[in-house]
Amino acid sequence: MSTQLWFPTPVSLKALVQYYLEINGTVSRQIVGELVQFAPSERTKLELSKLVNDKALFKETVTDKLLSLHRLLHMISEKDEPWTNVPFSFLLESLGKLQPRFYSISSSNLRDPLRADIVFTIDSNINLNFKGVCSNNLLDLRSSNDGENSYDLQGPNGRYQGCKLPVFIRRSRFKLPLNLEKPIIMIGPGTGVAPFRGFIEHRILQFKKLQNKEKMGKLYLFCGSRNEDDLIYVEEWNRCKEILGDKFEIAVAFSRDVKNGGHKVYVQDLLLEKEKLIGQLIVEEGCHVYVCGDAKGMSKGVSKTLIDILSTHEGGDLKKGDKLFKGLRTGGKYHEDVW
Ligand SMILES: NC(=O)c1ccc[n+]([C@@H]2O[C@H](COP(=O)([O-])OP(=O)(O)OC[C@H]3O[C@@H](n4cnc5c(N)ncnc54)[C@H](OP(=O)(O)O)[C@@H]3O)[C@@H](O)[C@H]2O)c1
């Protein structure tokens, strides 16, 4: 039986581990379960088995601490205890191929088709001694001259010398509607606002060329951050307002602003404040709605709020609100880019 390899051959084990295997991912309980058979001593076997057999303990010790396979082995092993029984094929199969990291493009290709901006945050409060594959590497690239890098910025055979990185662009269906006259609602707290910076830049460039500027549909942006200091693109939003005037409206939710007296304000709250307008835009004006950001809480919260708003628009009829929301989705007017 032959297998297609995803890495170039011949390759040294060091290069394979460093550049092609997903060594930094949080290790799963299943993999640790399979690893028990290769433990170098009865003690480590017992320790690993304890973890594998206790779901809650595994979550607390491994998953919540984002422990990768090598960090787990390091933690569990006694000093100088090598794991010589682990077959390399086991590592190849369990770790798998290093996956690309995706970021939304936060600029318009009308401005420059050969340049794409991205935005990302690095949470320095995470006290887990964890450095992933991409964002911190990008940060290192920026400070690559001060000699304090955690990443090998040269790449295999020096391929990335001179601040280079392997990147590619994936086609996206998260795009502005071609019809310029339709109003659009954009909802993106945190770095979820990234693609909307590109959308608005795009519309500004189109707006400047429009003879009848009145024709352009309004752009409504709902974004947010923990507090004013965290908010990104503030100056740009001001510039957008200067250019677009009443064609651009922005509302910002600060979730941890002392001025709110401990009360969290989320983008959903801002939508509710404008529920009449939102209902009208969606039902009567056929606007498109875009949501970008966290998939766990935010996007679910936003869809629930929109259903409530549409129900209110329909005189408090939840069934009708739900139907309208489903129609928005199936009609290709509700766009999500969440993870
Ligand atoms: N960078 C990109 O290009 C890009 C593109 C697409 C998606 N994303 C995703 O976007 C997310 C953004 O992360 P981030 O670190 O910038 O910000 P974040 O952690 O998502 O937080 C941004 C704001 O959202 C608030 N928030 C938390 N739970 C919420 C909920 N249930 N409903 C509404 N708002 C809520 C946060 O408030 P509190 O923390 O105070 O509760 C905070 O004020 C990540 O999941 C990322 O993967 C990023």
# chains A, B, ... in the order shown; residues from 1 in each chain; ligands from 1
>>> residues_near_ligand(ligand="ligand 1", cutoff="6 Å", atoms="only C-alpha atoms and all ligand atoms", output="PDB file with N, CA and C atoms, in the first residue's frame")
ATOM      1  N   TYR A 103      -6.871  34.388   8.130  1.00  0.00           N
ATOM      2  CA  TYR A 103      -7.217  35.729   8.618  1.00  0.00           C
ATOM      3  C   TYR A 103      -8.081  36.392   7.543  1.00  0.00           C
ATOM      4  N   SER A 104      -9.027  37.211   7.982  1.00  0.00           N
ATOM      5  CA  SER A 104      -9.833  37.931   6.992  1.00  0.00           C
ATOM      6  C   SER A 104      -8.991  39.055   6.400  1.00  0.00           C
ATOM      7  N   VAL A 119      -5.687  41.883  10.228  1.00  0.00           N
ATOM      8  CA  VAL A 119      -5.595  42.400  11.584  1.00  0.00           C
ATOM      9  C   VAL A 119      -5.752  41.228  12.555  1.00  0.00           C
ATOM     10  N   PHE A 120      -4.954  41.258  13.608  1.00  0.00           N
ATOM     11  CA  PHE A 120      -5.068  40.191  14.607  1.00  0.00           C
ATOM     12  C   PHE A 120      -4.661  40.743  15.957  1.00  0.00           C
ATOM     13  N   THR A 121      -5.132  40.097  17.014  1.00  0.00           N
ATOM     14  CA  THR A 121      -4.726  40.534  18.352  1.00  0.00           C
ATOM     15  C   THR A 121      -3.918  39.425  19.007  1.00  0.00           C
ATOM     16  N   PRO A 189     -17.663  42.561  16.409  1.00  0.00           N
ATOM     17  CA  PRO A 189     -16.874  43.024  17.560  1.00  0.00           C
ATOM     18  C   PRO A 189     -15.454  42.460  17.539  1.00  0.00           C
ATOM     19  N   GLY A 190     -14.537  43.129  18.223  1.00  0.00           N
ATOM     20  CA  GLY A 190     -13.146  42.676  18.261  1.00  0.00           C
ATOM     21  C   GLY A 190     -12.526  42.711  16.875  1.00  0.00           C
ATOM     22  N   THR A 191     -11.649  41.735  16.596  1.00  0.00           N
ATOM     23  CA  THR A 191     -11.038  41.697  15.264  1.00  0.00           C
ATOM     24  C   THR A 191     -12.018  41.182  14.219  1.00  0.00           C
ATOM     25  N   GLY A 192     -13.216  40.844  14.661  1.00  0.00           N
ATOM     26  CA  GLY A 192     -14.288  40.495  13.724  1.00  0.00           C
ATOM     27  C   GLY A 192     -14.621  41.661  12.808  1.00  0.00           C
ATOM     28  N   ALA A 194     -12.503  43.118  11.030  1.00  0.00           N
ATOM     29  CA  ALA A 194     -11.490  43.126   9.961  1.00  0.00           C
ATOM     30  C   ALA A 194     -12.079  43.237   8.546  1.00  0.00           C
ATOM     31  N   GLY A 224     -17.183  46.670  18.325  1.00  0.00           N
ATOM     32  CA  GLY A 224     -17.028  46.812  19.768  1.00  0.00           C
ATOM     33  C   GLY A 224     -15.700  46.300  20.257  1.00  0.00           C
ATOM     34  N   SER A 225     -15.469  46.522  21.516  1.00  0.00           N
ATOM     35  CA  SER A 225     -14.248  46.034  22.156  1.00  0.00           C
ATOM     36  C   SER A 225     -14.489  46.077  23.657  1.00  0.00           C
ATOM     37  N   ARG A 226     -13.466  45.729  24.413  1.00  0.00           N
ATOM     38  CA  ARG A 226     -13.669  45.738  25.863  1.00  0.00           C
ATOM     39  C   ARG A 226     -13.802  47.168  26.372  1.00  0.00           C
ATOM     40  N   PHE A 254     -18.923  48.856  24.182  1.00  0.00           N
ATOM     41  CA  PHE A 254     -17.796  48.592  25.079  1.00  0.00           C
ATOM     42  C   PHE A 254     -18.274  47.645  26.177  1.00  0.00           C
ATOM     43  N   SER A 255     -17.633  46.460  26.214  1.00  0.00           N
ATOM     44  CA  SER A 255     -18.154  45.447  27.152  1.00  0.00           C
ATOM     45  C   SER A 255     -17.608  45.595  28.571  1.00  0.00           C
ATOM     46  N   ARG A 256     -16.446  46.268  28.701  1.00  0.00           N
ATOM     47  CA  ARG A 256     -15.889  46.372  30.059  1.00  0.00           C
ATOM     48  C   ARG A 256     -15.537  47.817  30.405  1.00  0.00           C
ATOM     49  N   TYR A 266     -22.958  44.688  24.624  1.00  0.00           N
ATOM     50  CA  TYR A 266     -22.536  43.913  23.471  1.00  0.00           C
ATOM     51  C   TYR A 266     -23.196  44.476  22.205  1.00  0.00           C
ATOM     52  N   VAL A 267     -22.709  44.028  21.049  1.00  0.00           N
ATOM     53  CA  VAL A 267     -23.310  44.508  19.790  1.00  0.00           C
ATOM     54  C   VAL A 267     -24.813  44.211  19.735  1.00  0.00           C
ATOM     55  N   CYS A 292     -19.263  38.889  11.565  1.00  0.00           N
ATOM     56  CA  CYS A 292     -17.919  38.318  11.590  1.00  0.00           C
ATOM     57  C   CYS A 292     -17.367  38.339  13.009  1.00  0.00           C
ATOM     58  N   GLY A 293     -16.704  37.263  13.391  1.00  0.00           N
ATOM     59  CA  GLY A 293     -16.081  37.217  14.714  1.00  0.00           C
ATOM     60  C   GLY A 293     -16.270  35.875  15.381  1.00  0.00           C
ATOM     61  N   ASP A 294     -16.436  35.922  16.678  1.00  0.00           N
ATOM     62  CA  ASP A 294     -16.490  34.709  17.486  1.00  0.00           C
ATOM     63  C   ASP A 294     -17.749  33.870  17.198  1.00  0.00           C
ATOM     64  N   GLY A 297     -20.192  32.491  21.275  1.00  0.00           N
ATOM     65  CA  GLY A 297     -21.260  33.266  21.903  1.00  0.00           C
ATOM     66  C   GLY A 297     -21.847  34.321  20.991  1.00  0.00           C
ATOM     67  N   MET A 298     -20.972  35.107  20.355  1.00  0.00           N
ATOM     68  CA  MET A 298     -21.424  36.301  19.654  1.00  0.00           C
ATOM     69  C   MET A 298     -22.374  35.993  18.501  1.00  0.00           C
ATOM     70  N   GLY A 301     -25.668  34.832  19.671  1.00  0.00           N
ATOM     71  CA  GLY A 301     -26.379  35.936  20.318  1.00  0.00           C
ATOM     72  C   GLY A 301     -26.966  36.890  19.288  1.00  0.00           C
ATOM     73  N   ASP A 337     -19.042  34.978   8.815  1.00  0.00           N
ATOM     74  CA  ASP A 337     -17.643  34.543   8.742  1.00  0.00           C
ATOM     75  C   ASP A 337     -17.187  34.446  10.193  1.00  0.00           C
ATOM     76  N   VAL A 338     -17.487  33.314  10.804  1.00  0.00           N
ATOM     77  CA  VAL A 338     -17.245  33.215  12.252  1.00  0.00           C
ATOM     78  C   VAL A 338     -16.441  31.954  12.569  1.00  0.00           C
ATOM     79  N   TRP A 339     -15.581  32.051  13.561  1.00  0.00           N
ATOM     80  CA  TRP A 339     -14.878  30.859  14.043  1.00  0.00           C
ATOM     81  C   TRP A 339     -14.384  31.073  15.449  1.00  0.00           C
TER      82      TRP A 339
END
>>> select_by_dssp(residues="stretch 303-338 of chain A", states="helix (DSSP H, G or I)", output="JSON, numbers by chain")
{"A": [303, 304, 305, 306, 307, 308, 309, 310, 311, 312, 313, 318, 319, 320, 321, 322, 323, 324, 325, 326, 327, 328, 329, 330]}
>>> write_last_selection(atoms="N, CA, C and O atoms", output="mmCIF file, in the first residue's frame")
data_model
loop_
_atom_site.group_PDB
_atom_site.id
_atom_site.type_symbol
_atom_site.label_atom_id
_atom_site.label_comp_id
_atom_site.auth_asym_id
_atom_site.auth_seq_id
_atom_site.Cartn_x
_atom_site.Cartn_y
_atom_site.Cartn_z
ATOM 1 N N SER A 303 -27.750 36.235 16.068
ATOM 2 C CA SER A 303 -28.898 35.701 15.310
ATOM 3 C C SER A 303 -30.150 35.669 16.175
ATOM 4 O O SER A 303 -31.242 35.973 15.697
ATOM 5 N N LYS A 304 -29.992 35.352 17.457
ATOM 6 C CA LYS A 304 -31.171 35.332 18.341
ATOM 7 C C LYS A 304 -31.774 36.744 18.437
ATOM 8 O O LYS A 304 -32.994 36.929 18.355
ATOM 9 N N THR A 305 -30.904 37.747 18.584
ATOM 10 C CA THR A 305 -31.386 39.130 18.687
ATOM 11 C C THR A 305 -32.111 39.546 17.404
ATOM 12 O O THR A 305 -33.153 40.202 17.449
ATOM 13 N N LEU A 306 -31.557 39.132 16.249
ATOM 14 C CA LEU A 306 -32.209 39.515 14.992
ATOM 15 C C LEU A 306 -33.575 38.849 14.863
ATOM 16 O O LEU A 306 -34.532 39.461 14.381
ATOM 17 N N ILE A 307 -33.677 37.609 15.346
ATOM 18 C CA ILE A 307 -34.994 36.941 15.305
ATOM 19 C C ILE A 307 -35.979 37.728 16.180
ATOM 20 O O ILE A 307 -37.120 37.985 15.787
ATOM 21 N N ASP A 308 -35.512 38.141 17.363
ATOM 22 C CA ASP A 308 -36.380 38.934 18.259
ATOM 23 C C ASP A 308 -36.813 40.234 17.580
ATOM 24 O O ASP A 308 -37.981 40.631 17.651
ATOM 25 N N ILE A 309 -35.846 40.887 16.929
ATOM 26 C CA ILE A 309 -36.153 42.167 16.264
ATOM 27 C C ILE A 309 -37.181 41.964 15.142
ATOM 28 O O ILE A 309 -38.134 42.728 15.008
ATOM 29 N N LEU A 310 -36.971 40.898 14.361
ATOM 30 C CA LEU A 310 -37.902 40.638 13.254
ATOM 31 C C LEU A 310 -39.280 40.256 13.790
ATOM 32 O O LEU A 310 -40.310 40.604 13.208
ATOM 33 N N SER A 311 -39.293 39.546 14.928
ATOM 34 C CA SER A 311 -40.594 39.184 15.541
ATOM 35 C C SER A 311 -41.320 40.448 15.976
ATOM 36 O O SER A 311 -42.529 40.589 15.734
ATOM 37 N N THR A 312 -40.593 41.372 16.606
ATOM 38 C CA THR A 312 -41.210 42.629 17.035
ATOM 39 C C THR A 312 -41.754 43.378 15.826
ATOM 40 O O THR A 312 -42.859 43.920 15.858
ATOM 41 N N HIS A 313 -40.963 43.365 14.742
ATOM 42 C CA HIS A 313 -41.410 44.030 13.508
ATOM 43 C C HIS A 313 -42.724 43.417 13.008
ATOM 44 O O HIS A 313 -43.544 44.092 12.392
ATOM 45 N N LEU A 318 -43.302 35.441 17.006
ATOM 46 C CA LEU A 318 -41.991 34.790 16.982
ATOM 47 C C LEU A 318 -41.826 33.882 15.769
ATOM 48 O O LEU A 318 -40.757 33.797 15.161
ATOM 49 N N LYS A 319 -42.939 33.215 15.413
ATOM 50 C CA LYS A 319 -42.867 32.298 14.260
ATOM 51 C C LYS A 319 -42.536 33.065 12.984
ATOM 52 O O LYS A 319 -41.718 32.636 12.171
ATOM 53 N N LYS A 320 -43.198 34.217 12.836
ATOM 54 C CA LYS A 320 -42.949 35.031 11.634
ATOM 55 C C LYS A 320 -41.529 35.568 11.643
ATOM 56 O O LYS A 320 -40.862 35.620 10.603
ATOM 57 N N GLY A 321 -41.064 35.980 12.837
ATOM 58 C CA GLY A 321 -39.698 36.500 12.967
ATOM 59 C C GLY A 321 -38.685 35.437 12.565
ATOM 60 O O GLY A 321 -37.743 35.691 11.820
ATOM 61 N N ASP A 322 -38.926 34.225 13.050
ATOM 62 C CA ASP A 322 -38.040 33.107 12.753
ATOM 63 C C ASP A 322 -38.031 32.816 11.243
ATOM 64 O O ASP A 322 -36.979 32.586 10.643
ATOM 65 N N LYS A 323 -39.218 32.875 10.650
ATOM 66 C CA LYS A 323 -39.341 32.588 9.217
ATOM 67 C C LYS A 323 -38.603 33.648 8.394
ATOM 68 O O LYS A 323 -37.893 33.333 7.439
ATOM 69 N N LEU A 324 -38.767 34.894 8.820
ATOM 70 C CA LEU A 324 -38.083 35.976 8.095
ATOM 71 C C LEU A 324 -36.565 35.802 8.174
ATOM 72 O O LEU A 324 -35.848 35.998 7.196
ATOM 73 N N PHE A 325 -36.099 35.405 9.371
ATOM 74 C CA PHE A 325 -34.656 35.221 9.549
ATOM 75 C C PHE A 325 -34.155 34.076 8.673
ATOM 76 O O PHE A 325 -33.116 34.191 8.004
ATOM 77 N N LYS A 326 -34.921 32.976 8.667
ATOM 78 C CA LYS A 326 -34.515 31.831 7.823
ATOM 79 C C LYS A 326 -34.499 32.248 6.355
ATOM 80 O O LYS A 326 -33.607 31.864 5.593
ATOM 81 N N GLY A 327 -35.487 33.076 5.966
ATOM 82 C CA GLY A 327 -35.564 33.564 4.590
ATOM 83 C C GLY A 327 -34.343 34.407 4.233
ATOM 84 O O GLY A 327 -33.844 34.353 3.109
ATOM 85 N N LEU A 328 -33.878 35.166 5.213
ATOM 86 C CA LEU A 328 -32.700 36.011 5.006
ATOM 87 C C LEU A 328 -31.494 35.130 4.683
ATOM 88 O O LEU A 328 -30.713 35.397 3.771
ATOM 89 N N ARG A 329 -31.383 34.048 5.432
ATOM 90 C CA ARG A 329 -30.277 33.100 5.216
ATOM 91 C C ARG A 329 -30.388 32.430 3.856
ATOM 92 O O ARG A 329 -29.451 32.464 3.058
ATOM 93 N N THR A 330 -31.567 31.813 3.611
ATOM 94 C CA THR A 330 -31.698 31.052 2.364
ATOM 95 C C THR A 330 -31.668 31.976 1.142
ATOM 96 O O THR A 330 -31.277 31.560 0.063
#
>>> closest_residue(among="A:Ile122, A:Leu72, A:Leu67, A:Leu16", to="A:Leu48", atoms="only C-alpha atoms")
A:Leu72
>>> closest_residue(among="A:Asn227, A:Asn238, A:Gln99, A:Ser77", to="A:Val265", atoms="only C-alpha atoms")
A:Asn227
>>> select_by_dssp(residues="stretch 107-279 of chain A", states="strand (DSSP E or B)", output="PyMOL selection string")
chain A and resi 184-189+219-225+248-254
>>> write_last_selection(atoms="C-alpha atoms", output="compact mmCIF listing (two decimals), in the first residue's frame")
# COMPACT_ATOMS: atom_id res chain seq x y z
CA ILE A 184 -25.77 46.82 4.43
CA ILE A 185 -25.51 46.00 8.12
CA MET A 186 -22.10 44.83 9.33
CA ILE A 187 -21.69 43.30 12.78
CA GLY A 188 -18.16 42.54 14.02
CA PRO A 189 -16.87 43.02 17.56
CA LEU A 219 -23.52 51.33 5.57
CA TYR A 220 -24.26 50.45 9.18
CA LEU A 221 -21.36 49.18 11.27
CA PHE A 222 -21.83 47.60 14.70
CA CYS A 223 -18.48 46.91 16.29
CA GLY A 224 -17.03 46.81 19.77
CA SER A 225 -14.25 46.03 22.16
CA PHE A 248 -22.03 55.68 7.11
CA GLU A 249 -23.23 55.00 10.63
CA ILE A 250 -21.15 53.39 13.32
CA ALA A 251 -22.19 52.15 16.75
CA VAL A 252 -19.66 50.85 19.25
CA ALA A 253 -20.25 48.50 22.19
CA PHE A 254 -17.80 48.59 25.08
>>> closest_residue(among="A:Lys79, A:Lys97, A:His263, A:Lys59", to="A:Trp6", atoms="only C-alpha atoms")
A:Lys97
>>> residues_around(residues="A:Ser106", least_positions_apart="2", cutoff="9 Å", atoms="only C-alpha atoms", output="JSON, numbers by chain")
{"A": [103, 104, 108, 116, 117, 118, 119, 193, 194, 195, 196, 197, 198, 199, 201]}
>>> residues_around(residues="stretch 134-138 of chain A", least_positions_apart="6", cutoff="9 Å", atoms="only C-alpha atoms", output="list in words")
Pro100, Arg101, Phe120, Thr121, Ile122, Asn149, Ser150, Tyr151, Asp152, Leu153 and Leu165 of chain A
>>> residues_around(residues="A:Ser28", least_positions_apart="6", cutoff="12 Å", atoms="only C-alpha atoms", output="PDB file with N, CA and C atoms, in the first residue's frame")
ATOM      1  N   GLU A  34      -3.747   6.492  23.199  1.00  0.00           N
ATOM      2  CA  GLU A  34      -2.935   5.601  22.355  1.00  0.00           C
ATOM      3  C   GLU A  34      -1.460   5.638  22.748  1.00  0.00           C
ATOM      4  N   LEU A  35      -1.077   6.736  23.357  1.00  0.00           N
ATOM      5  CA  LEU A  35       0.329   6.918  23.735  1.00  0.00           C
ATOM      6  C   LEU A  35       0.729   6.074  24.946  1.00  0.00           C
ATOM      7  N   LEU A  51      -5.016  10.429  33.541  1.00  0.00           N
ATOM      8  CA  LEU A  51      -5.539  11.560  32.757  1.00  0.00           C
ATOM      9  C   LEU A  51      -6.589  11.101  31.753  1.00  0.00           C
ATOM     10  N   VAL A  52      -6.245  10.008  31.053  1.00  0.00           N
ATOM     11  CA  VAL A  52      -7.129   9.527  29.988  1.00  0.00           C
ATOM     12  C   VAL A  52      -8.475   9.076  30.554  1.00  0.00           C
ATOM     13  N   LYS A  55     -12.220  12.470  32.332  1.00  0.00           N
ATOM     14  CA  LYS A  55     -12.487  13.518  31.335  1.00  0.00           C
ATOM     15  C   LYS A  55     -12.267  14.921  31.920  1.00  0.00           C
ATOM     16  N   PHE A  58      -8.640  15.662  32.545  1.00  0.00           N
ATOM     17  CA  PHE A  58      -7.946  15.890  31.273  1.00  0.00           C
ATOM     18  C   PHE A  58      -8.195  17.320  30.786  1.00  0.00           C
ATOM     19  N   LYS A  59      -9.457  17.736  30.895  1.00  0.00           N
ATOM     20  CA  LYS A  59      -9.813  19.089  30.438  1.00  0.00           C
ATOM     21  C   LYS A  59      -9.028  20.137  31.237  1.00  0.00           C
ATOM     22  N   THR A  61      -6.276  19.733  33.101  1.00  0.00           N
ATOM     23  CA  THR A  61      -4.813  19.647  33.044  1.00  0.00           C
ATOM     24  C   THR A  61      -4.256  19.883  31.650  1.00  0.00           C
ATOM     25  N   VAL A  62      -4.989  19.432  30.636  1.00  0.00           N
ATOM     26  CA  VAL A  62      -4.420  19.477  29.286  1.00  0.00           C
ATOM     27  C   VAL A  62      -5.141  20.500  28.393  1.00  0.00           C
ATOM     28  N   THR A  63      -6.446  20.295  28.194  1.00  0.00           N
ATOM     29  CA  THR A  63      -7.161  21.120  27.212  1.00  0.00           C
ATOM     30  C   THR A  63      -7.172  22.595  27.609  1.00  0.00           C
ATOM     31  N   ASP A  64      -7.545  22.877  28.858  1.00  0.00           N
ATOM     32  CA  ASP A  64      -7.634  24.289  29.281  1.00  0.00           C
ATOM     33  C   ASP A  64      -6.276  24.972  29.280  1.00  0.00           C
ATOM     34  N   LEU A  66      -3.998  24.326  27.034  1.00  0.00           N
ATOM     35  CA  LEU A  66      -3.541  24.263  25.636  1.00  0.00           C
ATOM     36  C   LEU A  66      -2.254  23.458  25.483  1.00  0.00           C
ATOM     37  N   LEU A  67      -2.159  22.344  26.246  1.00  0.00           N
ATOM     38  CA  LEU A  67      -0.916  21.559  26.208  1.00  0.00           C
ATOM     39  C   LEU A  67      -0.800  20.771  24.909  1.00  0.00           C
ATOM     40  N   SER A  68       0.340  20.933  24.265  1.00  0.00           N
ATOM     41  CA  SER A  68       0.616  20.144  23.065  1.00  0.00           C
ATOM     42  C   SER A  68       1.207  18.807  23.533  1.00  0.00           C
ATOM     43  N   LEU A  69       1.369  17.896  22.581  1.00  0.00           N
ATOM     44  CA  LEU A  69       1.904  16.584  22.932  1.00  0.00           C
ATOM     45  C   LEU A  69       3.269  16.715  23.617  1.00  0.00           C
ATOM     46  N   LEU A  72       3.040  18.121  27.115  1.00  0.00           N
ATOM     47  CA  LEU A  72       2.476  17.152  28.056  1.00  0.00           C
ATOM     48  C   LEU A  72       3.543  16.133  28.468  1.00  0.00           C
ATOM     49  N   SER A  94      -0.561  10.940  14.266  1.00  0.00           N
ATOM     50  CA  SER A  94      -1.323  11.617  15.313  1.00  0.00           C
ATOM     51  C   SER A  94      -1.245  13.136  15.182  1.00  0.00           C
ATOM     52  N   LEU A  95      -0.087  13.652  14.844  1.00  0.00           N
ATOM     53  CA  LEU A  95       0.033  15.109  14.796  1.00  0.00           C
ATOM     54  C   LEU A  95      -0.573  15.679  13.525  1.00  0.00           C
TER      55      LEU A  95
END
>>> closest_residue(among="A:Phe90, A:Gln154, A:Asp269, A:Gly279", to="A:Pro166", atoms="only C-alpha atoms")
A:Gln154
>>> closest_residue(among="A:Ile76, A:Leu21, A:Ala56, A:Leu139", to="A:Leu91", atoms="only C-alpha atoms")
A:Leu21
>>> closest_residue(among="A:Asp54, A:Ile105, A:Leu244, A:Ser172", to="A:Lys208", atoms="only C-alpha atoms")
A:Leu244
>>> residues_around(residues="A:Phe7", least_positions_apart="2", cutoff="9 Å", atoms="only C-alpha atoms", output="tab-separated table (two decimals) with C-alpha atoms, in the first residue's frame")
chain	number	residue	atom	x	y	z
A	5	LEU	CA	3.13	12.32	1.58
A	9	THR	CA	11.26	14.20	0.43
A	10	PRO	CA	13.99	13.58	1.32
A	11	VAL	CA	13.54	15.66	4.46
A	16	LEU	CA	9.73	17.66	9.17
A	20	TYR	CA	5.41	20.37	8.34
A	97	LYS	CA	-0.22	18.14	8.66
>>> atom_distance(atom1="atom CA of A:Val133", atom2="atom CA of A:Gln18")
10.6 Å
>>> atom_distance(atom1="atom CA of A:Gly25", atom2="atom CA of A:Lys65")
11.3 Å
>>> atom_distance(atom1="atom CA of A:Gly132", atom2="atom CA of A:Val17")
14.6 Å
